[in-house]
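Taking it in order: structure first as structure tokens, then the write-up.
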Amino acid sequence: MQTQTLSGGFEDPAIQSAHAFRGIMEAMARPGTLQTISGATPPAPLSPAAGCVLLALCDTDTPVHLAGETDCEAVRAWLAFHTGAPTTGSTHCMFAVGTWDTLAPLSAYQIGTSEYPDRSATLIVECPALETSGATLTGPGIKDHASLSVPDVQALQSNRALFPLGLDFILTCENQLAALPRTTEVS
Amino acid sequence: MNAYNFAYLDEQTKRMIRRAILKGLAIPGYQVPFASREMPMPYGWGTGGVQVSAAILTPEDSFKVIDQGADDTTNAVSIRTFFERTAGVETTTKTSEASVIQTRHRIPEDPLIEGQILVYQVPIPEPLRFLEPRESETRKMHSLEEYGLMHVKLYEDISRHGHIATAYAYPVKVEGQYVMDPSPIPKFDNPKLGDMAAIQLFGAGREQRIYALPPYTNVVSLDFEDHPFEASKADHPCGLCGAIDSYLDEVIIDDAGGRMFVCSDTDYCENRQAAGHKGKDAA
Ligand SMILES: [Zn+2]
């Protein structure tokens, strides 16, 4: 086992998880806002923000899909040591992490059922940049409209059309994150 | 504080509740099942709300608890003390100073702002329960948006009483999709549910459901074209502060059965009195 595996988790898990979750919750409740999140130093290629999300939300009950370059020995070992989350393919995961291109196709993930729309995957999308400019967002959590750099307007519109089913997204870049729940209209 | 887990619950339980909260925010008005834990208080004391608060609190929060608008009931004081001890949070009775407010049966009179979170204690989360006791059926009804029976029940009220008699837990429709029980708040509070700047989270302990309203969500009280929704209240000013726009409780003030109407939101009433407003019964 490498030292990198053992380090980079939360030093004070209860408090840091609470802070990380509040950032994630604010982001999910207010699409288009950027939240700064800290406390995790995961191995490359994971961003600190993606690492925080995994530490705050994942455990033995949440199968995680590591997409593209995140599916490496260092990340697998780190995730297993700090969260105990099993890794799986896109079809059965509750969380997935990777760049937009490597997470594709979105049709592979669970979108919930009409009676249990909550049984849907949350995708942690590693982005090269995250800015409050670009696409226009409207919907619950947004006062009038918001702006956010999003990876793919058309794919997000198709996801919105599935409501109340659909995927929810947490966009991460370095130590920042934003979220796009399935309710957000993107144009 | 060391004898407890932070905010009482273990980390795995908090993660499970946190994941449910996120799905609740992503699907406004939909009831997310969660595995409710035993809490060191009876179910009637709002264990659903307590578990939601435990999952969201950070040590920096300022925490307020109201029970029918009052901060000083046994229930409110116990919950406040519980989180002072287990989460090390500051507590307050001032709505404007609180970052997290746990409530039973009221929404504060002062508009909440961005950055605040309102946590409701919910006894019965399923608005269709009294029409259909089976969970498997109500779930199907929600998924098919089969809400006709709900309207029939409200309309029966009108034919029997001349108006919709439901005064508490008045059902609402969220974002044109799910019908939701706003918990037993008076219908006077219903108009505050929609387009609120704060995050609203609902926790039902015994029934193991969490649901949510993100800020600025579209929330409409069910009604009929010929009988539009009315947010009624007692037609009096507050006896202590003279407010004409607040929700009032009728209280007995002496042995002779004397009564007066006072704001149910004690913080609101005290602020008004402190600002010099006086009702007709004020000393
Ligand atoms: Zn008053």
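Identifiers in this document derive from the order of the structure tokens: chains are assigned A, B, ..., residues are numbered from 1 separately in each chain, and ligands are numbered from 1 in order of occurrence.
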Where in stretch 1-144 of chain A does DSSP assign helix (DSSP H, G or I), given as a short mmCIF file (atom, residue, chain, number, x, y, z; two decimals) with all heavy atoms, in the first residue's frame?
data_model
loop_
_atom_site.label_atom_id
_atom_site.label_comp_id
_atom_site.auth_asym_id
_atom_site.auth_seq_id
_atom_site.Cartn_x
_atom_site.Cartn_y
_atom_site.Cartn_z
N THR A 3 1.86 5.30 0.53
CA THR A 3 1.50 6.34 1.50
C THR A 3 0.41 7.24 0.96
O THR A 3 -0.42 7.73 1.70
CB THR A 3 2.71 7.23 1.86
OG1 THR A 3 3.62 7.20 0.79
CG2 THR A 3 3.34 6.83 3.16
N GLN A 4 0.42 7.43 -0.35
CA GLN A 4 -0.58 8.30 -0.97
C GLN A 4 -2.00 7.78 -0.68
O GLN A 4 -2.94 8.56 -0.56
CB GLN A 4 -0.32 8.32 -2.48
CG GLN A 4 -1.06 9.42 -3.19
CD GLN A 4 -0.97 9.24 -4.69
OE1 GLN A 4 -0.65 8.16 -5.20
NE2 GLN A 4 -1.24 10.31 -5.40
N THR A 5 -2.11 6.47 -0.59
CA THR A 5 -3.41 5.87 -0.31
C THR A 5 -3.92 6.30 1.06
O THR A 5 -5.09 6.62 1.24
CB THR A 5 -3.29 4.33 -0.35
OG1 THR A 5 -2.84 3.95 -1.65
CG2 THR A 5 -4.64 3.68 -0.06
N LEU A 6 -3.01 6.30 2.03
CA LEU A 6 -3.42 6.58 3.41
C LEU A 6 -3.67 8.05 3.66
O LEU A 6 -4.42 8.43 4.55
CB LEU A 6 -2.33 6.09 4.37
CG LEU A 6 -1.98 4.60 4.25
CD1 LEU A 6 -0.78 4.27 5.14
CD2 LEU A 6 -3.16 3.73 4.59
N PRO A 13 -12.92 13.97 10.15
CA PRO A 13 -13.99 13.58 9.21
C PRO A 13 -15.37 14.14 9.54
O PRO A 13 -16.07 14.61 8.64
CB PRO A 13 -14.01 12.05 9.32
CG PRO A 13 -12.65 11.68 9.80
CD PRO A 13 -12.21 12.80 10.69
N ALA A 14 -15.77 14.14 10.79
CA ALA A 14 -17.13 14.58 11.10
C ALA A 14 -17.33 16.05 10.73
O ALA A 14 -18.32 16.42 10.08
CB ALA A 14 -17.43 14.37 12.58
N ILE A 15 -16.37 16.89 11.10
CA ILE A 15 -16.51 18.33 10.85
C ILE A 15 -16.28 18.65 9.37
O ILE A 15 -17.04 19.40 8.76
CB ILE A 15 -15.50 19.13 11.72
CG1 ILE A 15 -15.69 18.78 13.21
CG2 ILE A 15 -15.67 20.62 11.48
CD1 ILE A 15 -17.04 19.08 13.77
N GLN A 16 -15.25 18.05 8.79
CA GLN A 16 -14.97 18.36 7.38
C GLN A 16 -16.05 17.81 6.45
O GLN A 16 -16.38 18.43 5.44
CB GLN A 16 -13.58 17.85 7.00
CG GLN A 16 -12.48 18.74 7.57
CD GLN A 16 -11.09 18.18 7.28
OE1 GLN A 16 -10.78 17.07 7.68
NE2 GLN A 16 -10.28 18.95 6.58
N SER A 17 -16.61 16.66 6.81
CA SER A 17 -17.74 16.13 6.01
C SER A 17 -18.93 17.07 6.11
O SER A 17 -19.63 17.32 5.12
CB SER A 17 -18.18 14.76 6.52
OG SER A 17 -17.15 13.83 6.38
N ALA A 18 -19.16 17.59 7.31
CA ALA A 18 -20.30 18.51 7.50
C ALA A 18 -20.11 19.77 6.64
O ALA A 18 -21.03 20.22 5.96
CB ALA A 18 -20.45 18.89 8.97
N HIS A 19 -18.90 20.31 6.65
CA HIS A 19 -18.63 21.49 5.82
C HIS A 19 -18.74 21.17 4.33
O HIS A 19 -19.33 21.93 3.57
CB HIS A 19 -17.22 22.04 6.11
CG HIS A 19 -17.15 22.78 7.41
ND1 HIS A 19 -16.06 22.69 8.25
CD2 HIS A 19 -18.02 23.61 8.02
CE1 HIS A 19 -16.28 23.44 9.32
NE2 HIS A 19 -17.46 24.01 9.21
N ALA A 20 -18.17 20.05 3.94
CA ALA A 20 -18.22 19.67 2.52
C ALA A 20 -19.66 19.49 2.08
O ALA A 20 -20.08 19.98 1.03
CB ALA A 20 -17.42 18.39 2.28
N PHE A 21 -20.44 18.81 2.93
CA PHE A 21 -21.84 18.58 2.54
C PHE A 21 -22.59 19.89 2.39
O PHE A 21 -23.38 20.05 1.46
CB PHE A 21 -22.56 17.69 3.55
CG PHE A 21 -24.03 17.60 3.26
CD1 PHE A 21 -24.47 16.92 2.13
CD2 PHE A 21 -24.96 18.24 4.05
CE1 PHE A 21 -25.82 16.87 1.81
CE2 PHE A 21 -26.32 18.20 3.73
CZ PHE A 21 -26.75 17.52 2.62
N ARG A 22 -22.36 20.84 3.29
CA ARG A 22 -23.09 22.11 3.18
C ARG A 22 -22.77 22.81 1.87
O ARG A 22 -23.65 23.42 1.25
CB ARG A 22 -22.78 23.00 4.37
CG ARG A 22 -23.62 22.67 5.59
CD ARG A 22 -25.06 23.09 5.41
NE ARG A 22 -25.23 24.48 5.72
CZ ARG A 22 -25.37 24.95 6.95
NH1 ARG A 22 -25.40 24.13 7.98
NH2 ARG A 22 -25.51 26.24 7.14
N GLY A 23 -21.50 22.71 1.44
CA GLY A 23 -21.14 23.28 0.15
C GLY A 23 -21.88 22.58 -0.99
O GLY A 23 -22.42 23.23 -1.89
N ILE A 24 -21.93 21.27 -0.92
CA ILE A 24 -22.61 20.49 -1.97
C ILE A 24 -24.11 20.78 -1.94
O ILE A 24 -24.74 20.96 -2.98
CB ILE A 24 -22.37 18.97 -1.76
CG1 ILE A 24 -20.87 18.65 -1.83
CG2 ILE A 24 -23.14 18.16 -2.79
CD1 ILE A 24 -20.51 17.26 -1.28
N MET A 25 -24.67 20.86 -0.74
CA MET A 25 -26.11 21.12 -0.63
C MET A 25 -26.46 22.50 -1.17
O MET A 25 -27.44 22.66 -1.91
CB MET A 25 -26.57 20.98 0.82
CG MET A 25 -28.07 21.18 0.97
SD MET A 25 -28.67 20.92 2.64
CE MET A 25 -28.32 22.48 3.38
N GLU A 26 -25.65 23.50 -0.80
CA GLU A 26 -25.89 24.86 -1.33
C GLU A 26 -25.83 24.84 -2.86
O GLU A 26 -26.63 25.49 -3.53
CB GLU A 26 -24.86 25.85 -0.78
CG GLU A 26 -25.13 26.30 0.65
CD GLU A 26 -26.34 27.22 0.78
OE1 GLU A 26 -26.66 27.95 -0.19
OE2 GLU A 26 -26.99 27.19 1.84
N ALA A 27 -24.85 24.11 -3.39
CA ALA A 27 -24.70 24.05 -4.84
C ALA A 27 -25.92 23.40 -5.48
O ALA A 27 -26.46 23.89 -6.48
CB ALA A 27 -23.44 23.28 -5.21
N MET A 28 -26.40 22.29 -4.89
CA MET A 28 -27.54 21.57 -5.47
C MET A 28 -28.82 22.40 -5.32
O MET A 28 -29.70 22.34 -6.17
CB MET A 28 -27.69 20.22 -4.76
CG MET A 28 -28.60 19.23 -5.47
SD MET A 28 -28.06 18.77 -7.15
CE MET A 28 -26.87 17.47 -6.79
N ALA A 29 -28.90 23.18 -4.24
CA ALA A 29 -30.10 23.99 -3.99
C ALA A 29 -30.09 25.28 -4.82
O ALA A 29 -31.14 25.87 -5.04
CB ALA A 29 -30.21 24.34 -2.51
N PRO A 48 -9.29 18.19 -5.93
CA PRO A 48 -9.65 18.25 -4.51
C PRO A 48 -11.16 18.30 -4.30
O PRO A 48 -11.68 17.67 -3.37
CB PRO A 48 -8.98 19.54 -4.03
CG PRO A 48 -7.82 19.73 -4.96
CD PRO A 48 -8.30 19.21 -6.29
N ALA A 49 -11.87 19.03 -5.15
CA ALA A 49 -13.33 19.14 -4.98
C ALA A 49 -14.00 17.79 -5.19
O ALA A 49 -14.86 17.38 -4.41
CB ALA A 49 -13.90 20.18 -5.95
N ALA A 50 -13.60 17.08 -6.24
CA ALA A 50 -14.19 15.76 -6.49
C ALA A 50 -13.86 14.82 -5.34
O ALA A 50 -14.71 14.03 -4.91
CB ALA A 50 -13.68 15.19 -7.82
N GLY A 51 -12.64 14.92 -4.83
CA GLY A 51 -12.25 14.11 -3.68
C GLY A 51 -13.13 14.38 -2.47
O GLY A 51 -13.59 13.46 -1.79
N CYS A 52 -13.40 15.67 -2.22
CA CYS A 52 -14.28 16.04 -1.09
C CYS A 52 -15.68 15.46 -1.25
O CYS A 52 -16.28 14.98 -0.29
CB CYS A 52 -14.41 17.56 -1.00
SG CYS A 52 -13.01 18.36 -0.22
N VAL A 53 -16.21 15.53 -2.47
CA VAL A 53 -17.56 15.02 -2.71
C VAL A 53 -17.60 13.52 -2.43
O VAL A 53 -18.51 13.01 -1.77
CB VAL A 53 -18.02 15.30 -4.16
CG1 VAL A 53 -19.37 14.66 -4.44
CG2 VAL A 53 -18.09 16.80 -4.42
N LEU A 54 -16.59 12.80 -2.92
CA LEU A 54 -16.54 11.35 -2.69
C LEU A 54 -16.44 11.03 -1.20
O LEU A 54 -17.14 10.16 -0.69
CB LEU A 54 -15.34 10.73 -3.44
CG LEU A 54 -15.45 10.76 -4.98
CD1 LEU A 54 -14.10 10.43 -5.62
CD2 LEU A 54 -16.53 9.80 -5.47
N LEU A 55 -15.58 11.77 -0.49
CA LEU A 55 -15.43 11.51 0.95
C LEU A 55 -16.72 11.84 1.72
O LEU A 55 -17.09 11.15 2.66
CB LEU A 55 -14.29 12.34 1.53
CG LEU A 55 -12.87 12.01 1.08
CD1 LEU A 55 -11.88 12.93 1.80
CD2 LEU A 55 -12.52 10.55 1.35
N ALA A 56 -17.39 12.90 1.30
CA ALA A 56 -18.58 13.35 2.04
C ALA A 56 -19.79 12.46 1.79
O ALA A 56 -20.63 12.31 2.67
CB ALA A 56 -18.91 14.79 1.67
N LEU A 57 -19.89 11.87 0.61
CA LEU A 57 -21.14 11.19 0.25
C LEU A 57 -21.04 9.69 0.05
O LEU A 57 -22.06 8.99 0.05
CB LEU A 57 -21.72 11.82 -1.03
CG LEU A 57 -22.10 13.30 -0.95
CD1 LEU A 57 -22.60 13.78 -2.32
CD2 LEU A 57 -23.16 13.55 0.11
N GLY A 68 -12.77 6.79 -17.23
CA GLY A 68 -11.56 7.27 -17.89
C GLY A 68 -10.33 7.15 -17.01
O GLY A 68 -10.10 6.12 -16.37
N GLU A 69 -9.57 8.23 -16.94
CA GLU A 69 -8.29 8.18 -16.23
C GLU A 69 -8.43 8.10 -14.71
O GLU A 69 -7.47 7.80 -14.02
CB GLU A 69 -7.42 9.38 -16.63
CG GLU A 69 -6.92 9.27 -18.06
CD GLU A 69 -6.06 10.43 -18.49
OE1 GLU A 69 -5.67 11.25 -17.62
OE2 GLU A 69 -5.78 10.52 -19.69
N THR A 70 -9.65 8.39 -14.20
CA THR A 70 -9.82 8.23 -12.74
C THR A 70 -9.79 6.75 -12.37
O THR A 70 -9.60 6.41 -11.20
CB THR A 70 -11.14 8.85 -12.24
OG1 THR A 70 -12.23 8.08 -12.72
CG2 THR A 70 -11.29 10.29 -12.67
N GLU A 73 -5.02 2.73 -10.43
CA GLU A 73 -4.74 2.06 -9.17
C GLU A 73 -4.73 3.04 -7.99
O GLU A 73 -5.29 2.74 -6.93
CB GLU A 73 -3.39 1.33 -9.28
CG GLU A 73 -3.04 0.43 -8.11
CD GLU A 73 -4.19 -0.49 -7.68
OE1 GLU A 73 -4.88 -1.03 -8.58
OE2 GLU A 73 -4.41 -0.65 -6.46
N ALA A 74 -4.12 4.20 -8.19
CA ALA A 74 -4.01 5.16 -7.08
C ALA A 74 -5.39 5.61 -6.59
O ALA A 74 -5.64 5.67 -5.38
CB ALA A 74 -3.18 6.37 -7.53
N VAL A 75 -6.29 5.93 -7.52
CA VAL A 75 -7.63 6.40 -7.14
C VAL A 75 -8.44 5.26 -6.53
O VAL A 75 -9.11 5.43 -5.51
CB VAL A 75 -8.37 7.02 -8.34
CG1 VAL A 75 -9.83 7.30 -7.99
CG2 VAL A 75 -7.69 8.31 -8.79
N ARG A 76 -8.35 4.10 -7.14
CA ARG A 76 -9.08 2.94 -6.60
C ARG A 76 -8.69 2.68 -5.15
O ARG A 76 -9.55 2.48 -4.29
CB ARG A 76 -8.74 1.68 -7.40
CG ARG A 76 -9.50 1.55 -8.69
CD ARG A 76 -8.93 0.36 -9.50
NE ARG A 76 -9.70 0.17 -10.69
CZ ARG A 76 -10.81 -0.57 -10.74
NH1 ARG A 76 -11.23 -1.20 -9.66
NH2 ARG A 76 -11.51 -0.68 -11.85
N ALA A 77 -7.38 2.67 -4.90
CA ALA A 77 -6.89 2.36 -3.56
C ALA A 77 -7.31 3.46 -2.57
O ALA A 77 -7.72 3.18 -1.45
CB ALA A 77 -5.38 2.21 -3.58
N TRP A 78 -7.21 4.70 -3.01
CA TRP A 78 -7.58 5.84 -2.14
C TRP A 78 -9.06 5.80 -1.79
O TRP A 78 -9.46 5.92 -0.64
CB TRP A 78 -7.23 7.14 -2.87
CG TRP A 78 -7.42 8.38 -2.04
CD1 TRP A 78 -6.56 8.91 -1.12
CD2 TRP A 78 -8.56 9.26 -2.06
NE1 TRP A 78 -7.08 10.05 -0.57
CE2 TRP A 78 -8.31 10.28 -1.14
CE3 TRP A 78 -9.75 9.28 -2.80
CZ2 TRP A 78 -9.21 11.33 -0.90
CZ3 TRP A 78 -10.65 10.31 -2.57
CH2 TRP A 78 -10.38 11.33 -1.63
N LEU A 79 -9.89 5.58 -2.80
CA LEU A 79 -11.34 5.54 -2.58
C LEU A 79 -11.70 4.38 -1.65
O LEU A 79 -12.50 4.54 -0.72
CB LEU A 79 -12.05 5.37 -3.93
CG LEU A 79 -13.58 5.42 -3.88
CD1 LEU A 79 -14.08 6.83 -3.59
CD2 LEU A 79 -14.18 4.92 -5.21
N ALA A 80 -11.09 3.22 -1.88
CA ALA A 80 -11.39 2.05 -1.06
C ALA A 80 -10.98 2.29 0.39
O ALA A 80 -11.73 2.01 1.32
CB ALA A 80 -10.68 0.82 -1.62
N PHE A 81 -9.80 2.86 0.59
CA PHE A 81 -9.30 3.06 1.94
C PHE A 81 -10.14 4.08 2.71
O PHE A 81 -10.49 3.87 3.87
CB PHE A 81 -7.83 3.51 1.91
CG PHE A 81 -7.28 3.76 3.29
CD1 PHE A 81 -6.92 2.69 4.11
CD2 PHE A 81 -7.13 5.05 3.77
CE1 PHE A 81 -6.43 2.91 5.39
CE2 PHE A 81 -6.64 5.28 5.05
CZ PHE A 81 -6.29 4.21 5.87
N HIS A 82 -10.48 5.19 2.06
CA HIS A 82 -11.14 6.28 2.78
C HIS A 82 -12.66 6.15 2.85
O HIS A 82 -13.30 6.72 3.74
CB HIS A 82 -10.76 7.64 2.19
CG HIS A 82 -9.32 7.99 2.42
ND1 HIS A 82 -8.87 8.48 3.61
CD2 HIS A 82 -8.24 7.88 1.62
CE1 HIS A 82 -7.56 8.66 3.54
NE2 HIS A 82 -7.15 8.31 2.34
N THR A 83 -13.26 5.47 1.88
CA THR A 83 -14.74 5.42 1.87
C THR A 83 -15.28 3.99 1.93
O THR A 83 -16.43 3.80 2.33
CB THR A 83 -15.32 6.07 0.59
OG1 THR A 83 -15.07 5.21 -0.53
CG2 THR A 83 -14.73 7.44 0.34
N SER A 90 -20.86 1.79 -15.20
CA SER A 90 -21.80 2.91 -15.22
C SER A 90 -23.24 2.47 -14.96
O SER A 90 -24.03 3.22 -14.38
CB SER A 90 -21.70 3.63 -16.56
OG SER A 90 -21.75 2.71 -17.62
N THR A 91 -23.58 1.25 -15.35
CA THR A 91 -24.98 0.81 -15.26
C THR A 91 -25.49 0.71 -13.83
O THR A 91 -26.68 0.92 -13.57
CB THR A 91 -25.13 -0.59 -15.90
OG1 THR A 91 -24.24 -0.66 -17.01
CG2 THR A 91 -26.54 -0.84 -16.35
N HIS A 92 -24.62 0.34 -12.90
CA HIS A 92 -25.09 0.06 -11.54
C HIS A 92 -24.61 1.07 -10.50
O HIS A 92 -24.81 0.86 -9.31
CB HIS A 92 -24.66 -1.35 -11.12
CG HIS A 92 -25.26 -2.41 -11.99
ND1 HIS A 92 -26.60 -2.71 -11.95
CD2 HIS A 92 -24.71 -3.22 -12.93
CE1 HIS A 92 -26.85 -3.67 -12.83
NE2 HIS A 92 -25.73 -3.99 -13.44
N TRP A 100 -16.30 14.83 -18.68
CA TRP A 100 -17.58 14.68 -19.40
C TRP A 100 -17.47 13.60 -20.48
O TRP A 100 -18.34 12.73 -20.59
CB TRP A 100 -17.98 16.02 -20.01
CG TRP A 100 -19.29 15.97 -20.71
CD1 TRP A 100 -19.51 15.87 -22.04
CD2 TRP A 100 -20.58 16.00 -20.08
NE1 TRP A 100 -20.86 15.84 -22.30
CE2 TRP A 100 -21.55 15.92 -21.11
CE3 TRP A 100 -21.03 16.08 -18.75
CZ2 TRP A 100 -22.93 15.92 -20.86
CZ3 TRP A 100 -22.40 16.08 -18.50
CH2 TRP A 100 -23.33 15.99 -19.56
N ASP A 101 -16.39 13.66 -21.26
CA ASP A 101 -16.25 12.70 -22.37
C ASP A 101 -16.15 11.26 -21.88
O ASP A 101 -16.70 10.36 -22.49
CB ASP A 101 -15.02 13.05 -23.21
CG ASP A 101 -15.22 14.34 -23.98
OD1 ASP A 101 -16.39 14.76 -24.12
OD2 ASP A 101 -14.21 14.93 -24.41
N THR A 102 -15.42 11.08 -20.78
CA THR A 102 -15.24 9.70 -20.32
C THR A 102 -16.47 9.17 -19.58
O THR A 102 -16.64 7.96 -19.46
CB THR A 102 -14.01 9.58 -19.40
OG1 THR A 102 -14.18 10.43 -18.25
CG2 THR A 102 -12.73 9.96 -20.12
N LEU A 103 -17.32 10.06 -19.10
CA LEU A 103 -18.55 9.62 -18.43
C LEU A 103 -19.60 9.15 -19.43
O LEU A 103 -20.48 8.38 -19.09
CB LEU A 103 -19.14 10.75 -17.57
CG LEU A 103 -18.39 11.07 -16.27
CD1 LEU A 103 -18.85 12.41 -15.70
CD2 LEU A 103 -18.60 9.96 -15.24
N LEU A 106 -24.52 9.06 -21.41
CA LEU A 106 -25.37 9.27 -20.24
C LEU A 106 -26.48 8.22 -20.15
O LEU A 106 -26.99 7.92 -19.07
CB LEU A 106 -26.00 10.66 -20.28
CG LEU A 106 -25.04 11.86 -20.24
CD1 LEU A 106 -25.82 13.16 -20.10
CD2 LEU A 106 -24.03 11.73 -19.10
N SER A 107 -26.83 7.65 -21.30
CA SER A 107 -27.92 6.67 -21.32
C SER A 107 -27.57 5.41 -20.54
O SER A 107 -28.44 4.59 -20.26
CB SER A 107 -28.28 6.31 -22.76
OG SER A 107 -27.11 5.81 -23.41
N ALA A 108 -26.30 5.25 -20.17
CA ALA A 108 -25.88 4.04 -19.46
C ALA A 108 -26.28 4.07 -17.98
O ALA A 108 -26.36 3.03 -17.34
CB ALA A 108 -24.37 3.88 -19.57
#
Inset, instruction - All residues within 6 Å of ligand 1 are required, counting only C-alpha atoms and all ligand atoms; please report them as number ranges by chain. - result: B: 238, 240-243, 262-263, 269
Inset, instruction - Quick one: everything within 9 Å of B:Val179, counting only C-alpha atoms, minus sequence neighbours fewer than 5 positions away in the same chain. Send it as a list of chain:residue names. - result: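 Using only C-alpha atoms, the neighbours found are B:Gly29, B:Tyr30, B:Pro127, B:Leu128, B:His142, B:Glu145, B:Tyr147, B:Pro171, B:Val172, B:Lys173, B:Val174, B:Leu222.
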Inset, instruction - Tell me, as a count of residues only, which residues lie within 9 Å of stretch 182-185 of chain A, counting only C-alpha atoms; anything in the same chain fewer than 3 positions away does not count. - result: 24
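For the pair atom CA of B:Pro133 and atom CA of B:Ala165, the interatomic distance is 21.7 Å.
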Legend entry - Among the residues B:Phe83, B:Phe130, B:Phe34, B:Tyr43, the one that comes closest to chain A [using only C-alpha atoms]: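 For chain A, the nearest of the candidates is B:Phe34.
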Restrict the calculation to only C-alpha atoms, then for each residue of stretch 37-119 of chain B with any atom at most 10 Å from an atom of stretch 202-205 of chain B give the closest atom pair and their distance in Å to one decimal, rows by chain and rising residue number, as CSV.
residue,atom,partner,partner_atom,distance
B:Arg37,CA,B:Gly205,CA,7.8
B:Glu38,CA,B:Gly205,CA,8.8
B:Met39,CA,B:Gly205,CA,9.2
B:Pro42,CA,B:Gly205,CA,10.0
B:Tyr43,CA,B:Gly205,CA,6.7
B:Gly44,CA,B:Gly205,CA,9.0
B:Trp45,CA,B:Gly205,CA,9.5
B:Gly46,CA,B:Gly205,CA,7.0
B:Thr47,CA,B:Gly205,CA,5.1
B:Gly48,CA,B:Gly205,CA,3.6
B:Gly49,CA,B:Gly203,CA,4.7
B:Val50,CA,B:Gly203,CA,7.9
B:Gln51,CA,B:Gly203,CA,7.4
B:Val52,CA,B:Gly203,CA,6.1
B:Ser53,CA,B:Gly203,CA,9.0
B:Gln102,CA,B:Phe202,CA,9.6
B:Thr103,CA,B:Phe202,CA,9.7
B:Leu118,CA,B:Phe202,CA,8.4
B:Val119,CA,B:Phe202,CA,5.8
Legend entry - Contacts of B:Gly24 within 8 Å, only C-alpha atoms, excl. fewer than 5 positions in-chain, as a PyMOL selection string: (chain A and resi 118) or (chain B and resi 29-32+210-213)
Legend entry - Proximal residues of chain B relative to chain A (only C-alpha atoms; 6 Å) as a list in words: Arg15, Lys23, Ala26, Thr58, Arg139, Ser143, Pro214, Pro215, Tyr216 and Thr217 of chain B
Inset, instruction - Could you give me, as a list in words, the residues within 7 Å of A:Thr87, counting only C-alpha atoms and dropping anything in the same chain fewer than 4 positions from it? - result: Pro63, Val64, His65 and Leu66 of chain A
For the selection you just gave me, I'd like the residues written to a file as an mmCIF file, in the first residue's frame, keeping N, CA and C atoms.
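See part.cif below for the written result:
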data_model
loop_
_atom_site.group_PDB
_atom_site.id
_atom_site.type_symbol
_atom_site.label_atom_id
_atom_site.label_comp_id
_atom_site.auth_asym_id
_atom_site.auth_seq_id
_atom_site.Cartn_x
_atom_site.Cartn_y
_atom_site.Cartn_z
ATOM 1 N N PRO A 63 -22.118 2.207 -4.710
ATOM 2 C CA PRO A 63 -21.205 1.824 -5.794
ATOM 3 C C PRO A 63 -20.791 3.050 -6.621
ATOM 4 N N VAL A 64 -19.480 3.136 -6.887
ATOM 5 C CA VAL A 64 -18.938 4.285 -7.612
ATOM 6 C C VAL A 64 -18.340 3.815 -8.933
ATOM 7 N N HIS A 65 -18.638 4.546 -9.996
ATOM 8 C CA HIS A 65 -18.020 4.260 -11.294
ATOM 9 C C HIS A 65 -16.884 5.247 -11.527
ATOM 10 N N LEU A 66 -15.673 4.725 -11.691
ATOM 11 C CA LEU A 66 -14.521 5.558 -12.004
ATOM 12 C C LEU A 66 -14.360 5.562 -13.519
#
Inset, instruction - Return the single residue from B:Ser99, B:Gly239, B:Arg206, B:Pro111 that is closest to B:Ile124, with distances computed using only C-alpha atoms. - result: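 Answer, going by the shortest atom-to-atom distance: B:Arg206.
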Inset, instruction - Between atom CA of A:Gly98 and atom CA of A:Ser38, measure the distance and give it in Å to one decimal. - result: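 Separation of atom CA of A:Gly98 and atom CA of A:Ser38: 18.7 Å.
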Legend entry - stretch 79-81 of chain B surroundings by only C-alpha atoms, 8 Å radius, close-in-sequence under 6 positions cut, as an MDAnalysis selection string: chainID B and resid 50 63:65 91
Legend entry - Residue set, chain A restricted to strand (DSSP E or B), as number ranges by chain: A: 35-36, 64-66, 87, 95-99, 111, 120, 122-126, 135-138, 146-148, 168-173, 176-180, 185-186
Inset, instruction - Find, counting only C-alpha atoms, the residue in B:Arg134, B:Arg104, B:Lys192, B:Arg272 that gets nearest to B:Tyr120. - result: B:Arg104
Inset, instruction - Rounded to one decimal place, report the atom CA of B:Glu84-atom CA of B:Leu9 distance in Å. - result: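 Interatomic distance, atom CA of B:Glu84 to atom CA of B:Leu9: 14.2 Å.
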